[in-house]
Protein chains: 2
Amino acid sequence: MNVLIVLAHPEPASFNAAMAQAARTALAEAGHDVTVSDLYGEGFNPLAGRHDFTTTADPARFHYQSEQALAARENAFAPDIAREQARVAAADLLILQFPLWWGGPPAILKGWFERVLAYGFAYVDGARFDSGLFKGRRAMLSVTAGGTEARFGPDGVYGEVEKVLWQPQHLTLEYMGYTVEPPFIAYGAPRVDDATRAGYLRDFAARAVATAAREVVRQGPAGSPLDLVADNAWSRKG
Amino acid sequence: MNVLIVLAHPEPASFNAAMAQAARTALAEAGHDVTVSDLYGEGFNPLAGRHDFTTTADPARFHYQSEQALAARENAFAPDIAREQARVAAADLLILQFPLWWGGPPAILKGWFERVLAYGFAYVDGARFDSGLFKGRRAMLSVTAGGTEARFGPDGVYGEVEKVLWQPQHLTLEYMGYTVEPPFIAYGAPRVDDATRAGYLRDFAARAVATAAREVVRQGPAGSPLDLVADNAWSRKG
């Protein structure tokens, strides 16, 4: 199947980069087509703005979703967004690899959500969660955390993993319709010994291969997602 | 008291900008000193990187927290970060005003957390949550949401507000030691009628003034936060 790994870490020699590489190698050896979006490496711009589009819905007032809706209709996304959208559209399995910074995805990945997963491409009114456009496809978070596992337990100071990862996992991936696998979490990544880290790399590669072996039945619309929407609610307040 | 409002929205005529302005005006009329960090207006760069620092801890491998620790010791943060840190340090009350995009703060604000709230300035090992450096100070989120209130209820598709806002509220502000007020949420902001939006502006301004009237007793360390740390755990894995 087609797999897209999105990597969000500024250091090419980081453990996050090693995790992405381990999955890429194992998936390719298992016969899958793997693409890596290395956001820092590619100089991805995380800032939402008019530079996202070659069209303008309202020159006087910038309403992001209205501009996204127009660009989706007119195929008018900026080249960096169009490239990433093509990768997402092609992927049966989407893996996001990132360090937990302030308990969430780094800004460069949050900006990737905002710019690439645009209205009209990743979701439209009435097509969310169980009716999401990416229903049937699979996604997984792979996260490195400075804290130990106990800090993410029921009595841990950070709260349970489900709560910590609610924004990227539920409010983004599940919102789009993905079937989201349990996250892979490398606890204490900067603190554990080399053998533990080698184990993380091995286990994550195995998880990625096992996930890619499971069936995907795409259920998205055949035409433009915007055909699903008779009346674009977002453009009303443009 | 000193109040800092951080605004994260690309459109100067947005409802988010109006919310920040309503609070600013009401707080100033009540005699408070108010600063607004308009992140888009000021062209804030959300990307973590070597440009954050005028020092270099390790030229071969970029480990963010190690670089932050050195910069905190040497007063070597880049000017945009130093300016924002001075604003945060001066503020008794911190208000974050932003739209929920993909269920969380926009990337520009997430990047502000990462770059401004640096190790050695906003937290150090052993000084978190109840022992956080900003203990005694107050903070509040003010959020606009496209969804209605029912979507954020116990049976709502987005989950309860506490869970949605866990990253900025608990894993950032409470982590730093702030006493965090209940969030102000303008539900259905792009869809409600003008009277409802006028009510949001009025109610939020009143909430901000009432919060600023409450006592703040700063409990942070007198010297550098790094004096609290005998052994910098983060630099071990530099």
# chains A, B, ... in the order shown; residues from 1 in each chain; ligands from 1
call {"tool": "interface_residues", "arguments": {"of": "chain B", "to": "chain A", "cutoff": "9 Å", "atoms": "only C-alpha atoms", "output": "PyMOL selection string"}}
result
chain B and resi 10-14+45-49+61-64+101-114+129+157-159+163-168+170-172+175+190-191+233-234+236-238
call {"tool": "select_by_dssp", "arguments": {"residues": "segment 21-194 of chain B", "states": "helix (DSSP H, G or I)", "output": "PyMOL selection string"}}
result
chain B and resi 21-29+50-52+64-74+79-90+107-116+129-131+149-152+161-164+166-174+194
call {"tool": "select_by_dssp", "arguments": {"residues": "segment 18-231 of chain B", "states": "strand (DSSP E)", "output": "ChimeraX atom specification"}}
result
/B:33-38,93-99,138-144,179-180,184-186
call {"tool": "write_last_selection", "arguments": {"atoms": "C-alpha atoms", "output": "PDB file, in the first residue's frame"}}
result
ATOM      1  CA  ASP B  33      -1.493  48.119  32.285  1.00  0.00           C
ATOM      2  CA  VAL B  34      -2.258  46.065  29.188  1.00  0.00           C
ATOM      3  CA  THR B  35       0.101  44.807  26.491  1.00  0.00           C
ATOM      4  CA  VAL B  36      -1.113  42.965  23.414  1.00  0.00           C
ATOM      5  CA  SER B  37       1.174  40.585  21.547  1.00  0.00           C
ATOM      6  CA  ASP B  38      -0.497  40.432  18.143  1.00  0.00           C
ATOM      7  CA  LEU B  93      -2.345  37.935  34.228  1.00  0.00           C
ATOM      8  CA  LEU B  94      -1.814  36.209  30.876  1.00  0.00           C
ATOM      9  CA  ILE B  95      -4.725  35.894  28.430  1.00  0.00           C
ATOM     10  CA  LEU B  96      -4.449  33.833  25.256  1.00  0.00           C
ATOM     11  CA  GLN B  97      -6.982  34.744  22.543  1.00  0.00           C
ATOM     12  CA  PHE B  98      -7.251  32.347  19.607  1.00  0.00           C
ATOM     13  CA  PRO B  99      -9.577  30.417  17.308  1.00  0.00           C
ATOM     14  CA  ARG B 138      -3.198  33.927  36.721  1.00  0.00           C
ATOM     15  CA  ALA B 139      -3.908  32.894  33.169  1.00  0.00           C
ATOM     16  CA  MET B 140      -6.985  32.378  31.013  1.00  0.00           C
ATOM     17  CA  LEU B 141      -7.784  31.027  27.579  1.00  0.00           C
ATOM     18  CA  SER B 142     -10.296  32.863  25.397  1.00  0.00           C
ATOM     19  CA  VAL B 143     -11.288  30.782  22.435  1.00  0.00           C
ATOM     20  CA  THR B 144     -13.604  31.047  19.454  1.00  0.00           C
ATOM     21  CA  THR B 179      -3.635  29.438  38.330  1.00  0.00           C
ATOM     22  CA  VAL B 180      -5.795  28.973  35.252  1.00  0.00           C
ATOM     23  CA  PHE B 184     -14.041  31.810  27.944  1.00  0.00           C
ATOM     24  CA  ILE B 185     -15.499  30.132  24.868  1.00  0.00           C
ATOM     25  CA  ALA B 186     -17.380  31.899  22.094  1.00  0.00           C
TER      26      ALA B 186
END
call {"tool": "atom_distance", "arguments": {"atom1": "atom CA of Asn75 of chain A", "atom2": "atom CA of Ser131 of chain A"}}
result
23.5 Å
call {"tool": "decode", "arguments": {"residues": "segment 148-171 of chain B", "atoms": "N, CA, C and O atoms", "output": "tab-separated table (two decimals), in the first residue's frame"}}
result
chain	number	residue	atom	x	y	z
B	148	THR	N	-21.02	24.37	17.98
B	148	THR	CA	-21.95	24.78	19.04
B	148	THR	C	-21.51	24.16	20.36
B	148	THR	O	-20.70	23.24	20.40
B	149	GLU	N	-22.10	24.66	21.46
B	149	GLU	CA	-21.75	24.18	22.79
B	149	GLU	C	-22.04	22.68	22.95
B	149	GLU	O	-21.30	21.96	23.63
B	150	ALA	N	-23.12	22.22	22.32
B	150	ALA	CA	-23.50	20.81	22.47
B	150	ALA	C	-22.41	19.87	21.96
B	150	ALA	O	-22.24	18.75	22.47
B	151	ARG	N	-21.63	20.32	20.98
B	151	ARG	CA	-20.56	19.46	20.45
B	151	ARG	C	-19.42	19.28	21.43
B	151	ARG	O	-18.58	18.40	21.26
B	152	PHE	N	-19.35	20.14	22.44
B	152	PHE	CA	-18.29	20.06	23.45
B	152	PHE	C	-18.81	19.52	24.78
B	152	PHE	O	-18.15	19.64	25.79
B	153	GLY	N	-20.02	18.98	24.78
B	153	GLY	CA	-20.57	18.43	26.02
B	153	GLY	C	-20.08	17.02	26.25
B	153	GLY	O	-19.30	16.48	25.46
B	154	PRO	N	-20.56	16.39	27.34
B	154	PRO	CA	-20.16	15.01	27.66
B	154	PRO	C	-20.49	14.04	26.53
B	154	PRO	O	-19.77	13.07	26.31
B	155	ASP	N	-21.54	14.31	25.77
B	155	ASP	CA	-21.91	13.43	24.67
B	155	ASP	C	-21.58	14.05	23.31
B	155	ASP	O	-21.99	13.54	22.27
B	156	GLY	N	-20.86	15.16	23.32
B	156	GLY	CA	-20.56	15.84	22.07
B	156	GLY	C	-19.44	15.16	21.31
B	156	GLY	O	-18.58	14.52	21.91
B	157	VAL	N	-19.42	15.33	19.99
B	157	VAL	CA	-18.42	14.65	19.17
B	157	VAL	C	-17.00	15.15	19.42
B	157	VAL	O	-16.03	14.44	19.18
B	158	TYR	N	-16.86	16.39	19.89
B	158	TYR	CA	-15.51	16.91	20.12
B	158	TYR	C	-14.96	16.56	21.50
B	158	TYR	O	-13.76	16.68	21.73
B	159	GLY	N	-15.83	16.12	22.39
B	159	GLY	CA	-15.39	15.83	23.75
B	159	GLY	C	-15.49	17.07	24.62
B	159	GLY	O	-15.70	18.18	24.13
B	160	GLU	N	-15.32	16.87	25.91
B	160	GLU	CA	-15.49	17.98	26.83
B	160	GLU	C	-14.37	19.01	26.69
B	160	GLU	O	-13.24	18.68	26.33
B	161	VAL	N	-14.73	20.24	27.02
B	161	VAL	CA	-13.81	21.36	26.86
B	161	VAL	C	-12.48	21.10	27.57
B	161	VAL	O	-11.41	21.40	27.03
B	162	GLU	N	-12.53	20.52	28.74
B	162	GLU	CA	-11.30	20.27	29.50
B	162	GLU	C	-10.32	19.41	28.68
B	162	GLU	O	-9.12	19.64	28.69
B	163	LYS	N	-10.91	18.43	27.98
B	163	LYS	CA	-10.09	17.52	27.17
B	163	LYS	C	-9.56	18.24	25.91
B	163	LYS	O	-8.40	18.09	25.53
B	164	VAL	N	-10.43	19.02	25.29
B	164	VAL	CA	-10.03	19.74	24.07
B	164	VAL	C	-8.89	20.72	24.38
B	164	VAL	O	-7.95	20.84	23.60
B	165	LEU	N	-9.00	21.39	25.52
B	165	LEU	CA	-8.01	22.43	25.86
B	165	LEU	C	-6.88	21.94	26.75
B	165	LEU	O	-6.13	22.74	27.31
B	166	TRP	N	-6.77	20.63	26.91
B	166	TRP	CA	-5.78	20.04	27.82
B	166	TRP	C	-4.35	20.50	27.51
B	166	TRP	O	-3.57	20.80	28.41
B	167	GLN	N	-3.99	20.52	26.22
B	167	GLN	CA	-2.61	20.91	25.85
B	167	GLN	C	-2.30	22.35	26.26
B	167	GLN	O	-1.35	22.59	27.01
B	168	PRO	N	-3.04	23.36	25.80
B	168	PRO	CA	-2.66	24.72	26.20
B	168	PRO	C	-2.92	24.99	27.68
B	168	PRO	O	-2.15	25.70	28.33
B	169	GLN	N	-3.99	24.42	28.21
B	169	GLN	CA	-4.38	24.80	29.58
B	169	GLN	C	-3.59	24.04	30.64
B	169	GLN	O	-2.97	24.64	31.52
B	170	HIS	N	-3.61	22.72	30.57
B	170	HIS	CA	-2.93	21.94	31.62
B	170	HIS	C	-1.45	21.74	31.31
B	170	HIS	O	-0.59	21.98	32.16
B	171	LEU	N	-1.17	21.32	30.07
B	171	LEU	CA	0.21	20.93	29.75
B	171	LEU	C	1.11	22.12	29.45
B	171	LEU	O	2.32	21.96	29.28
